[in-house]
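Structure file data_14.pdb; described as PDB, C-alpha atoms, pLDDT in the B column.
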MODEL        1
ATOM      1  CA  MET A   1       0.000   0.000   0.000  1.00 82.00           C
ATOM      2  CA  ASN A   2       1.102   3.517  -0.786  1.00 91.00           C
ATOM      3  CA  LYS A   3       2.603   5.048   2.388  1.00 95.00           C
ATOM      4  CA  SER A   4       0.750   8.332   1.797  1.00 97.00           C
ATOM      5  CA  VAL A   5      -2.571   6.476   1.692  1.00 97.00           C
ATOM      6  CA  GLU A   6      -1.725   4.604   4.885  1.00 97.00           C
ATOM      7  CA  THR A   7      -0.789   7.852   6.634  1.00 97.00           C
ATOM      8  CA  LEU A   8      -4.031   9.504   5.502  1.00 97.00           C
ATOM      9  CA  VAL A   9      -6.185   6.567   6.632  1.00 97.00           C
ATOM     10  CA  ARG A  10      -4.466   6.355  10.020  1.00 97.00           C
ATOM     11  CA  SER A  11      -5.156  10.069  10.591  1.00 96.00           C
ATOM     12  CA  LEU A  12      -8.912   9.780   9.979  1.00 96.00           C
ATOM     13  CA  GLU A  13     -11.493   9.938  12.743  1.00 93.00           C
ATOM     14  CA  LEU A  14     -13.651   6.948  13.617  1.00 92.00           C
ATOM     15  CA  PRO A  15     -16.743   8.035  11.621  1.00 92.00           C
ATOM     16  CA  GLN A  16     -14.674   8.255   8.428  1.00 95.00           C
ATOM     17  CA  LEU A  17     -13.056   4.882   9.168  1.00 95.00           C
ATOM     18  CA  GLN A  18     -16.552   3.418   9.502  1.00 93.00           C
ATOM     19  CA  VAL A  19     -17.483   4.757   6.064  1.00 95.00           C
ATOM     20  CA  LEU A  20     -14.348   3.173   4.610  1.00 96.00           C
ATOM     21  CA  MET A  21     -15.266  -0.151   6.235  1.00 93.00           C
ATOM     22  CA  ILE A  22     -18.723   0.038   4.699  1.00 94.00           C
ATOM     23  CA  LEU A  23     -17.159   0.611   1.285  1.00 96.00           C
ATOM     24  CA  VAL A  24     -14.581  -2.186   1.523  1.00 95.00           C
ATOM     25  CA  ASN A  25     -17.275  -4.622   2.668  1.00 92.00           C
ATOM     26  CA  ALA A  26     -19.890  -3.524   0.123  1.00 92.00           C
ATOM     27  CA  ARG A  27     -20.717  -5.579  -2.919  1.00 84.00           C
ATOM     28  CA  ASN A  28     -18.324  -4.496  -5.694  1.00 84.00           C
ATOM     29  CA  GLY A  29     -16.862  -1.941  -3.259  1.00 87.00           C
ATOM     30  CA  ILE A  30     -19.687   0.498  -3.981  1.00 93.00           C
ATOM     31  CA  SER A  31     -22.202   1.866  -1.476  1.00 94.00           C
ATOM     32  CA  SER A  32     -24.906   4.523  -1.656  1.00 94.00           C
ATOM     33  CA  ASN A  33     -25.676   7.470   0.600  1.00 93.00           C
ATOM     34  CA  ASP A  34     -28.705   5.580   1.945  1.00 92.00           C
ATOM     35  CA  GLU A  35     -26.655   2.476   2.798  1.00 92.00           C
ATOM     36  CA  ILE A  36     -23.970   4.520   4.528  1.00 94.00           C
ATOM     37  CA  SER A  37     -26.595   6.555   6.389  1.00 92.00           C
ATOM     38  CA  SER A  38     -28.473   3.505   7.661  1.00 92.00           C
ATOM     39  CA  THR A  39     -25.337   1.525   8.566  1.00 90.00           C
ATOM     40  CA  THR A  40     -23.823   4.399  10.551  1.00 90.00           C
ATOM     41  CA  SER A  41     -27.182   5.556  11.973  1.00 90.00           C
ATOM     42  CA  THR A  42     -26.438   9.002  10.581  1.00 91.00           C
ATOM     43  CA  PRO A  43     -29.356  11.099   9.344  1.00 92.00           C
ATOM     44  CA  SER A  44     -29.073  11.814   5.613  1.00 86.00           C
ATOM     45  CA  ILE A  45     -28.857  15.541   6.276  1.00 89.00           C
ATOM     46  CA  LEU A  46     -25.624  14.990   8.285  1.00 92.00           C
ATOM     47  CA  LEU A  47     -24.059  12.471   5.901  1.00 93.00           C
ATOM     48  CA  GLY A  48     -21.878  15.147   4.314  1.00 91.00           C
ATOM     49  CA  SER A  49     -19.920  15.404   7.571  1.00 93.00           C
ATOM     50  CA  LEU A  50     -18.818  11.786   7.050  1.00 93.00           C
ATOM     51  CA  ILE A  51     -18.213  11.900   3.294  1.00 96.00           C
ATOM     52  CA  THR A  52     -16.677  15.353   2.814  1.00 95.00           C
ATOM     53  CA  PRO A  53     -13.419  14.705   4.729  1.00 95.00           C
ATOM     54  CA  LEU A  54     -12.828  11.603   2.596  1.00 96.00           C
ATOM     55  CA  ARG A  55     -13.328  13.613  -0.599  1.00 95.00           C
ATOM     56  CA  ARG A  56     -11.375  16.731   0.362  1.00 95.00           C
ATOM     57  CA  ARG A  57      -8.162  15.135   1.600  1.00 92.00           C
ATOM     58  CA  LYS A  58      -6.163  14.374  -1.506  1.00 95.00           C
ATOM     59  CA  ILE A  59      -3.038  12.471  -2.448  1.00 96.00           C
ATOM     60  CA  ASN A  60      -1.457  13.608  -5.726  1.00 95.00           C
ATOM     61  CA  GLY A  61      -4.715  15.385  -6.548  1.00 97.00           C
ATOM     62  CA  GLU A  62      -6.843  12.252  -6.003  1.00 97.00           C
ATOM     63  CA  SER A  63      -9.538  11.774  -3.340  1.00 97.00           C
ATOM     64  CA  LEU A  64      -9.646   8.567  -1.305  1.00 97.00           C
ATOM     65  CA  ILE A  65     -13.257   7.990  -2.364  1.00 98.00           C
ATOM     66  CA  VAL A  66     -14.932   8.930  -5.632  1.00 97.00           C
ATOM     67  CA  GLN A  67     -18.475   9.137  -6.907  1.00 96.00           C
ATOM     68  CA  ALA A  68     -19.715   6.023  -8.665  1.00 96.00           C
ATOM     69  CA  GLY A  69     -22.897   7.452 -10.157  1.00 95.00           C
ATOM     70  CA  ARG A  70     -26.317   8.173  -8.732  1.00 94.00           C
ATOM     71  CA  ASP A  71     -29.054   5.839  -7.670  1.00 87.00           C
ATOM     72  CA  PRO A  72     -32.449   7.533  -8.094  1.00 85.00           C
ATOM     73  CA  ASP A  73     -33.718   5.929  -4.888  1.00 84.00           C
ATOM     74  CA  ALA A  74     -30.579   5.823  -2.736  1.00 76.00           C
ATOM     75  CA  GLY A  75     -28.653   8.964  -3.693  1.00 87.00           C
ATOM     76  CA  THR A  76     -25.008   9.240  -4.678  1.00 94.00           C
ATOM     77  CA  ARG A  77     -22.992   6.042  -4.853  1.00 96.00           C
ATOM     78  CA  TRP A  78     -19.389   5.974  -3.594  1.00 97.00           C
ATOM     79  CA  GLN A  79     -16.368   3.759  -4.089  1.00 97.00           C
ATOM     80  CA  ILE A  80     -12.711   3.574  -3.066  1.00 97.00           C
ATOM     81  CA  ASN A  81     -10.479   5.365  -5.580  1.00 97.00           C
ATOM     82  CA  ALA A  82      -8.616   2.528  -7.328  1.00 96.00           C
ATOM     83  CA  LYS A  83      -5.948   5.012  -8.460  1.00 96.00           C
ATOM     84  CA  LEU A  84      -4.811   5.244  -4.821  1.00 97.00           C
ATOM     85  CA  THR A  85      -5.410   1.798  -3.332  1.00 96.00           C
ATOM     86  CA  SER A  86      -7.251  -1.452  -3.841  1.00 96.00           C
ATOM     87  CA  VAL A  87     -10.281  -2.442  -1.796  1.00 96.00           C
ATOM     88  CA  ASP A  88      -8.370  -5.473  -0.474  1.00 95.00           C
ATOM     89  CA  ASP A  89      -5.324  -3.438   0.604  1.00 97.00           C
ATOM     90  CA  LEU A  90      -7.512  -0.878   2.351  1.00 96.00           C
ATOM     91  CA  LYS A  91      -9.508  -3.588   4.110  1.00 94.00           C
ATOM     92  CA  GLU A  92      -6.271  -5.204   5.309  1.00 95.00           C
ATOM     93  CA  LEU A  93      -5.064  -1.864   6.687  1.00 96.00           C
ATOM     94  CA  LEU A  94      -8.351  -1.209   8.486  1.00 94.00           C
ATOM     95  CA  MET A  95      -8.280  -4.685  10.029  1.00 92.00           C
ATOM     96  CA  SER A  96      -4.678  -4.172  11.174  1.00 93.00           C
ATOM     97  CA  MET A  97      -5.716  -1.049  13.075  1.00 92.00           C
ATOM     98  CA  SER A  98      -7.615  -3.262  15.571  1.00 84.00           C
ATOM     99  CA  LEU A  99     -10.276  -0.734  16.445  1.00 79.00           C
ATOM    100  CA  PRO A 100     -13.016  -2.363  18.540  1.00 72.00           C
ATOM    101  CA  GLU A 101     -15.522   0.134  17.142  1.00 65.00           C
ATOM    102  CA  LEU A 102     -14.927  -1.285  13.647  1.00 64.00           C
ATOM    103  CA  GLU A 103     -15.062  -4.959  14.636  1.00 58.00           C
ATOM    104  CA  LYS A 104     -18.766  -5.289  13.810  1.00 57.00           C
ATOM    105  CA  ASP A 105     -18.194  -3.725  10.381  1.00 50.00           C
ATOM    106  CA  ILE A 106     -15.193  -5.952   9.662  1.00 45.00           C
ATOM    107  CA  MET A 107     -17.157  -9.083  10.456  1.00 47.00           C
ATOM    108  CA  SER A 108     -20.064  -8.206   8.150  1.00 48.00           C
TER     109      SER A 108
ENDMDL
END
Rewrite the coordinates I just gave you, this time as structure tokens.
Amino acid sequence: MNKSVETLVRSLELPQLQVLMILVNARNGISSNDEISSTTSTPSILLGSLITPLRRRKINGESLIVQAGRDPDAGTRWQINAKLTSVDDLKELLMSMSLPELEKDIMS
């Protein structure tokens, strides 16, 4: 894994780490606003506070997560930016961080 990506991920707060876990565990590595909102118990109106930090922090001009289209019923869809890291590498890093708060997300 790119050291810059690892450093960025390790500096994130727990809510952003939870979003990343949702994405690495999602089918095809893609999840919608609605799925992220319901999994994190975050009201849709506050979802931007979870997503925005992952989009604004960049490595070589690339965001850690990118839009993967829109679902008319579930809102914007998100995925891990494959230009920066693979879903498998990111999942391995998150698991290595041994955060009890993420254990339930890792096991899903």
If we count only C-alpha atoms, what is near range 29-46 of chain A at a cut-off of 9 Å, once residues fewer than 6 positions away on the same chain are taken out, given as a list in words? Pro15, Gln18, Val19, Ile22, Leu23, Ala68, Arg70, Asp71, Asp73, Ala74, Gly75, Thr76, Arg77, Trp78, Gln79, Ile80 and Val87 of chain A
Quick one: everything within 10 Å of Leu12 in chain A, counting only C-alpha atoms, minus sequence neighbours fewer than 6 positions away in the same chain. Send it as a short mmCIF file (atom, residue, chain, number, x, y, z; two decimals) with C-alpha atoms, in the frame of the given file.
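Here's the written file result.cif:
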data_model
loop_
_atom_site.label_atom_id
_atom_site.label_comp_id
_atom_site.auth_asym_id
_atom_site.auth_seq_id
_atom_site.Cartn_x
_atom_site.Cartn_y
_atom_site.Cartn_z
CA GLN A 18 -16.55 3.42 9.50
CA PRO A 53 -13.42 14.70 4.73
CA LEU A 54 -12.83 11.60 2.60
CA ARG A 57 -8.16 15.14 1.60
#
Find the residues near Ile51 in chain A: any atom within 9 Å, counting only C-alpha atoms, skip ones fewer than 3 places away on the same chain, and give them as a list of chain:residue names. A:Gln16, A:Val19, A:Leu47, A:Gly48, A:Leu54, A:Arg55, A:Arg56, A:Ile65
Report as a Markdown table the residues of range 8-75 of chain A within 10 Å of range 93-100 of chain A, each with its shortest atom pair and distance in Å (one decimal), using all atoms listed in the file, ordered by chain and increasing residue number.
| residue | atom | partner | partner_atom | distance |
| --- | --- | --- | --- | --- |
| A:Val9 | CA | A:Leu94 | CA | 8.3 |
| A:Arg10 | CA | A:Met97 | CA | 8.1 |
| A:Leu14 | CA | A:Leu99 | CA | 8.9 |
| A:Leu17 | CA | A:Leu94 | CA | 7.7 |
| A:Gln18 | CA | A:Leu94 | CA | 9.5 |
| A:Leu20 | CA | A:Leu94 | CA | 8.4 |
| A:Met21 | CA | A:Leu94 | CA | 7.3 |
| A:Val24 | CA | A:Leu94 | CA | 9.4 |
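Across the structure, CA of Gln67 in chain A and CA of Lys83 in chain A are spaced 13.3 Å apart.
For the atom pair formed by CA of Ser49 in chain A and CA of Ser11 in chain A, the distance is 16.0 Å, given to one decimal.
For the pair CA of Ile59 in chain A and CA of Asn25 in chain A, the interatomic distance is 22.8 Å.
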Val5 in chain A surroundings by all atoms listed in the file, 9 Å radius, close-in-sequence under 2 positions cut, as number ranges by chain: A: 1-3, 7-10, 59, 64, 84-85, 90
How big is the axis-aligned box around the listed atoms of range 3-6 of chain A once 5 Å is added on each side, and where is its centre? Give both in Å to one decimal, as AutoDock Vina command-line options.
--center_x 0.0 --center_y 6.5 --center_z 3.3 --size_x 15.2 --size_y 13.7 --size_z 13.2
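With distances taken over all atoms listed in the file, A:Asn81 is the one residue among A:Leu50, A:Ser4, A:Asp89, A:Asn81 lying closest to Ser63 in chain A.
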